[in-house]
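What follows is a single structure, written as C-alpha cells, with notes after it.
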Amino acid sequence: MAAKKASGGARDKPWKLTTPSGSSEFTAFRDAELDPPALVVQVGKTELRYHLSAIEDLHAMLKKHGDWMLLGSADEQKPAAEGTIEAWGRSPKNPVGGWYGLKKGLRGRFGMYLPPVLEELGLAEVEHNPKNNRMRAK
C-alpha cells in the first residue's frame with residue numbers, strides 16, 4: 001500500500017494532530033534545515049524535537065516487526081516498557097543508536113507523538129483507545 005501524500009508538515013503549515021488516546025492536540029512539522037534535521041512537535045508551549053529520520057526508521061522497524069506493537073509512551077525520566085515503540089525509540093539498537101528525542105529532559109513520549117505522524121502520512125494504523133494503544137505498519 002502506498003503512503004498517502006499528507007498536506008502540511010512544514011513550519012508554516014504544520015499537521016494538527018491528536019494523541020492516540022484523543023486526550024491532547026498537538027502540531028508537528030518537518031524541519032530539514034535544523035541541525036540535525038528534526039520532526040518538531042509543539043504541545044502547548046512545549047517544543048519537542050525528534051530526529052527527522054525517526055519517521056522512516058519507525059516505519060521500517062514496524063514493517064519488519066510485521067504485527068501490532070504497543071506504544072508504551074513514557075516521559076524521559078521514566079523507564080519504557082520492554083517491547084514497545086517507546087523502548088525502541090530509546091534503544092541503543094535502533095538506527096540512531098539511542099534516543100530519537102533531541103532535547104535533554106524532553107526526549108521521551110516518542111510512543112505518543114510519532115504514531116499520529118505516521119498515521120497522517122498513511123504509513124501506519126494506530127489504535128485510539130483511552131490507553132494501551134498499539135500500531136502497525138501499512
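Chains: A, B, ... in order of the C-alpha cells. Residues: from 1 per chain. Ligands: from 1, in order shown.
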- Message: I'd like the neighbourhood of segment 36-38 of chain A as JSON, numbers by chain, where a residue qualifies if any of its atoms comes within 7 Å (using only C-alpha atoms), though same-chain residues fewer than 5 positions away should be ignored.
- Response: {"A": [30, 31, 49, 50, 51, 52]}
- Tell me, as a list in words, which residues lie within 7 Å of His128 of chain A, counting only C-alpha atoms; anything in the same chain fewer than 3 positions away does not count. Pro20, Ser21, Gly22 and Asn133 of chain A
Limited to C-alpha atoms, could you put the picked residues into a file as a PDB file, in the first residue's frame?
ATOM      1  CA  PRO A  20      -3.642   8.214  20.122  1.00  0.00           C
ATOM      2  CA  SER A  21      -5.906   8.346  23.199  1.00  0.00           C
ATOM      3  CA  GLY A  22      -7.532  11.518  21.874  1.00  0.00           C
ATOM      4  CA  ASN A 133      -2.829   1.627  22.186  1.00  0.00           C
TER       5      ASN A 133
END
- Nearest to Gly98 of chain A among A:Leu48, A:Ala54, A:Leu39, A:Met112, with distances taken over only C-alpha atoms: which residue is it?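 Among A:Leu48, A:Ala54, A:Leu39, A:Met112, it is A:Ala54 that comes nearest to Gly98 of chain A.
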- Excluding segment 80-93 of chain A and residues on its chain fewer than 5 positions from it, collect all residues at most 8 Å away from it, counting only C-alpha atoms, and give them as a list in words.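 Those residues are Met69, Leu70, Leu71, Gly72, Ser73, Ala74, Gly98, Trp99, Tyr100, Gly101, Gly108, Arg109, Phe110 and Gly111 of chain A.
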Selection file, C-alpha atoms, as a PDB file, in the first residue's frame:
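Everything below was put into again-v4.pdb:
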ATOM      1  CA  MET A  69       3.142  -3.205  18.722  1.00  0.00           C
ATOM      2  CA  LEU A  70       2.241  -1.410  21.966  1.00  0.00           C
ATOM      3  CA  LEU A  71       3.083   2.299  22.028  1.00  0.00           C
ATOM      4  CA  GLY A  72       4.198   2.446  25.674  1.00  0.00           C
ATOM      5  CA  SER A  73       4.614   6.224  25.859  1.00  0.00           C
ATOM      6  CA  ALA A  74       6.632   7.469  28.851  1.00  0.00           C
ATOM      7  CA  GLY A  98      19.806   5.635  21.299  1.00  0.00           C
ATOM      8  CA  TRP A  99      17.313   8.410  21.877  1.00  0.00           C
ATOM      9  CA  TYR A 100      15.435   9.808  18.867  1.00  0.00           C
ATOM     10  CA  GLY A 101      14.442  12.716  21.112  1.00  0.00           C
ATOM     11  CA  GLY A 108      10.558  10.826  25.899  1.00  0.00           C
ATOM     12  CA  ARG A 109       6.998  10.480  24.630  1.00  0.00           C
ATOM     13  CA  PHE A 110       8.246   9.030  21.336  1.00  0.00           C
ATOM     14  CA  GLY A 111       5.396   6.487  21.574  1.00  0.00           C
TER      15      GLY A 111
END
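Closest to Lys104 of chain A among A:Asn132, A:Asp35, A:Glu47, A:Leu62 is A:Glu47, based on only C-alpha atoms.
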- For Lys103 of chain A, the nearest of the candidates A:Glu76, A:Ala32, A:Met135, A:Asp12, counting only C-alpha atoms: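 The closest residue to Lys103 of chain A is A:Glu76.
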- Query: How many Å separate atom CA of Lys13 of chain A from atom CA of Leu123 of chain A?
  - Reply: 20.0 Å
- Query: Looking at A:Asn94, A:Asn129, A:Thr27, A:Gln77, which one is nearest to Gly44 of chain A, with distances taken over only C-alpha atoms?
  - Reply: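 Closest residue, counting only C-alpha atoms: A:Thr27.
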- Query: Which of these residues is nearest to Gly97 of chain A, using only C-alpha atoms: A:Asp75, A:Asp67, A:Asp57, A:Gly9?
  - Reply: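 Ranking A:Asp75, A:Asp67, A:Asp57, A:Gly9 by distance to Gly97 of chain A, first place goes to A:Asp57.
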Taking the chain letters and numbering used in this document, name the residues of chain A that DSSP puts in strand (DSSP E), as a PDB file with N, CA and C atoms, in the first residue's frame.
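New file states.pdb:
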ATOM      1  N   TRP A  15       1.053  19.907  10.693  1.00  0.00           N
ATOM      2  CA  TRP A  15      -0.057  18.979  10.857  1.00  0.00           C
ATOM      3  C   TRP A  15      -0.712  19.278  12.195  1.00  0.00           C
ATOM      4  N   LYS A  16      -2.018  19.238  12.258  1.00  0.00           N
ATOM      5  CA  LYS A  16      -2.763  19.358  13.509  1.00  0.00           C
ATOM      6  C   LYS A  16      -3.217  17.948  13.856  1.00  0.00           C
ATOM      7  N   LEU A  17      -2.646  17.403  14.915  1.00  0.00           N
ATOM      8  CA  LEU A  17      -2.846  16.008  15.259  1.00  0.00           C
ATOM      9  C   LEU A  17      -3.390  15.851  16.675  1.00  0.00           C
ATOM     10  N   THR A  18      -3.800  14.638  16.978  1.00  0.00           N
ATOM     11  CA  THR A  18      -4.292  14.283  18.303  1.00  0.00           C
ATOM     12  C   THR A  18      -3.529  13.064  18.775  1.00  0.00           C
ATOM     13  N   GLU A  25      -4.277  17.609  21.848  1.00  0.00           N
ATOM     14  CA  GLU A  25      -3.961  18.020  20.484  1.00  0.00           C
ATOM     15  C   GLU A  25      -2.544  18.569  20.457  1.00  0.00           C
ATOM     16  N   PHE A  26      -1.902  18.437  19.307  1.00  0.00           N
ATOM     17  CA  PHE A  26      -0.558  18.978  19.122  1.00  0.00           C
ATOM     18  C   PHE A  26      -0.336  19.233  17.647  1.00  0.00           C
ATOM     19  N   THR A  27       0.709  19.982  17.337  1.00  0.00           N
ATOM     20  CA  THR A  27       1.085  20.187  15.943  1.00  0.00           C
ATOM     21  C   THR A  27       2.460  19.578  15.728  1.00  0.00           C
ATOM     22  N   ALA A  28       2.746  19.251  14.483  1.00  0.00           N
ATOM     23  CA  ALA A  28       4.053  18.677  14.145  1.00  0.00           C
ATOM     24  C   ALA A  28       4.421  19.106  12.735  1.00  0.00           C
ATOM     25  N   PHE A  29       5.719  19.264  12.515  1.00  0.00           N
ATOM     26  CA  PHE A  29       6.210  19.586  11.182  1.00  0.00           C
ATOM     27  C   PHE A  29       7.643  19.117  11.033  1.00  0.00           C
ATOM     28  N   ARG A  30       8.042  18.926   9.784  1.00  0.00           N
ATOM     29  CA  ARG A  30       9.415  18.539   9.456  1.00  0.00           C
ATOM     30  C   ARG A  30      10.231  19.800   9.225  1.00  0.00           C
ATOM     31  N   ASP A  31      11.450  19.829   9.761  1.00  0.00           N
ATOM     32  CA  ASP A  31      12.355  20.948   9.512  1.00  0.00           C
ATOM     33  C   ASP A  31      13.733  20.395   9.175  1.00  0.00           C
ATOM     34  N   ALA A  38      15.010  17.762  11.989  1.00  0.00           N
ATOM     35  CA  ALA A  38      14.131  17.296  13.056  1.00  0.00           C
ATOM     36  C   ALA A  38      12.659  17.283  12.660  1.00  0.00           C
ATOM     37  N   LEU A  39      11.935  16.421  13.363  1.00  0.00           N
ATOM     38  CA  LEU A  39      10.488  16.467  13.413  1.00  0.00           C
ATOM     39  C   LEU A  39      10.199  17.291  14.668  1.00  0.00           C
ATOM     40  N   VAL A  40       9.548  18.422  14.502  1.00  0.00           N
ATOM     41  CA  VAL A  40       9.266  19.318  15.619  1.00  0.00           C
ATOM     42  C   VAL A  40       7.818  19.121  16.047  1.00  0.00           C
ATOM     43  N   VAL A  41       7.622  18.864  17.334  1.00  0.00           N
ATOM     44  CA  VAL A  41       6.296  18.654  17.903  1.00  0.00           C
ATOM     45  C   VAL A  41       6.030  19.779  18.896  1.00  0.00           C
ATOM     46  N   GLN A  42       4.920  20.457  18.734  1.00  0.00           N
ATOM     47  CA  GLN A  42       4.540  21.559  19.620  1.00  0.00           C
ATOM     48  C   GLN A  42       3.312  21.126  20.412  1.00  0.00           C
ATOM     49  N   VAL A  43       3.475  21.038  21.745  1.00  0.00           N
ATOM     50  CA  VAL A  43       2.396  20.654  22.648  1.00  0.00           C
ATOM     51  C   VAL A  43       2.197  21.831  23.593  1.00  0.00           C
ATOM     52  N   THR A  46       5.267  23.823  24.904  1.00  0.00           N
ATOM     53  CA  THR A  46       6.437  22.944  24.930  1.00  0.00           C
ATOM     54  C   THR A  46       6.767  22.452  23.524  1.00  0.00           C
ATOM     55  N   GLU A  47       8.040  22.587  23.152  1.00  0.00           N
ATOM     56  CA  GLU A  47       8.504  22.099  21.859  1.00  0.00           C
ATOM     57  C   GLU A  47       9.412  20.899  22.084  1.00  0.00           C
ATOM     58  N   LEU A  48       9.066  19.792  21.426  1.00  0.00           N
ATOM     59  CA  LEU A  48       9.896  18.593  21.449  1.00  0.00           C
ATOM     60  C   LEU A  48      10.468  18.407  20.058  1.00  0.00           C
ATOM     61  N   ARG A  49      11.642  17.835  19.978  1.00  0.00           N
ATOM     62  CA  ARG A  49      12.256  17.551  18.678  1.00  0.00           C
ATOM     63  C   ARG A  49      12.751  16.115  18.661  1.00  0.00           C
ATOM     64  N   TYR A  50      12.535  15.474  17.520  1.00  0.00           N
ATOM     65  CA  TYR A  50      12.995  14.109  17.291  1.00  0.00           C
ATOM     66  C   TYR A  50      13.777  14.094  15.990  1.00  0.00           C
ATOM     67  N   HIS A  51      14.771  13.206  15.901  1.00  0.00           N
ATOM     68  CA  HIS A  51      15.495  13.050  14.635  1.00  0.00           C
ATOM     69  C   HIS A  51      14.469  12.878  13.522  1.00  0.00           C
ATOM     70  N   MET A  69       2.139  -3.441  17.683  1.00  0.00           N
ATOM     71  CA  MET A  69       3.142  -3.205  18.722  1.00  0.00           C
ATOM     72  C   MET A  69       2.600  -2.138  19.669  1.00  0.00           C
ATOM     73  N   LEU A  70       2.697  -2.386  20.975  1.00  0.00           N
ATOM     74  CA  LEU A  70       2.241  -1.410  21.966  1.00  0.00           C
ATOM     75  C   LEU A  70       3.057  -0.128  21.873  1.00  0.00           C
ATOM     76  N   ALA A 124       1.023   3.963   8.765  1.00  0.00           N
ATOM     77  CA  ALA A 124       0.700   3.061   9.869  1.00  0.00           C
ATOM     78  C   ALA A 124      -0.763   3.191  10.272  1.00  0.00           C
ATOM     79  N   GLU A 125      -1.232   2.141  10.919  1.00  0.00           N
ATOM     80  CA  GLU A 125      -2.542   2.147  11.576  1.00  0.00           C
ATOM     81  C   GLU A 125      -2.262   2.325  13.062  1.00  0.00           C
ATOM     82  N   VAL A 126      -3.062   3.143  13.729  1.00  0.00           N
ATOM     83  CA  VAL A 126      -2.898   3.392  15.150  1.00  0.00           C
ATOM     84  C   VAL A 126      -4.244   3.216  15.828  1.00  0.00           C
ATOM     85  N   ARG A 134      -1.917   0.474  20.308  1.00  0.00           N
ATOM     86  CA  ARG A 134      -0.911  -0.202  19.501  1.00  0.00           C
ATOM     87  C   ARG A 134      -0.891   0.432  18.119  1.00  0.00           C
ATOM     88  N   MET A 135       0.172   0.067  17.368  1.00  0.00           N
ATOM     89  CA  MET A 135       0.251   0.495  15.973  1.00  0.00           C
ATOM     90  C   MET A 135       0.900  -0.597  15.158  1.00  0.00           C
ATOM     91  N   ARG A 136       0.683  -0.533  13.846  1.00  0.00           N
ATOM     92  CA  ARG A 136       1.355  -1.445  12.915  1.00  0.00           C
ATOM     93  C   ARG A 136       1.528  -0.734  11.591  1.00  0.00           C
ATOM     94  N   ALA A 137       2.502  -1.187  10.846  1.00  0.00           N
ATOM     95  CA  ALA A 137       2.798  -0.585   9.539  1.00  0.00           C
ATOM     96  C   ALA A 137       1.712  -0.934   8.542  1.00  0.00           C
TER      97      ALA A 137
END
- Please run DSSP on the backbone and report, as a list in words, all residues within chain A that come out as alpha helix (DSSP H).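 Assigned to alpha helix (DSSP H), within chain A: Ala54, Ile55, Glu56, Asp57, Leu58, His59, Ala60, Met61, Leu62, Lys63, Lys64, His65, Ile85, Glu86, Ala87, Trp88, Phe110, Gly111, Met112, Tyr113, Leu114, Pro115, Pro116, Val117, Leu118, Glu119 and Glu120 of chain A.
The closest residue to Leu58 of chain A, picked from A:Ala10, A:Leu34, A:Leu102, A:Leu114 and counting only C-alpha atoms, is A:Leu114.
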- Message: As an exercise, work out the distance from atom CA of Val96 of chain A to atom CA of Ser23 of chain A in Å and give it to one decimal place.
- Response: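 If I compute the distance from atom CA of Val96 of chain A to atom CA of Ser23 of chain A, I get 29.6 Å.
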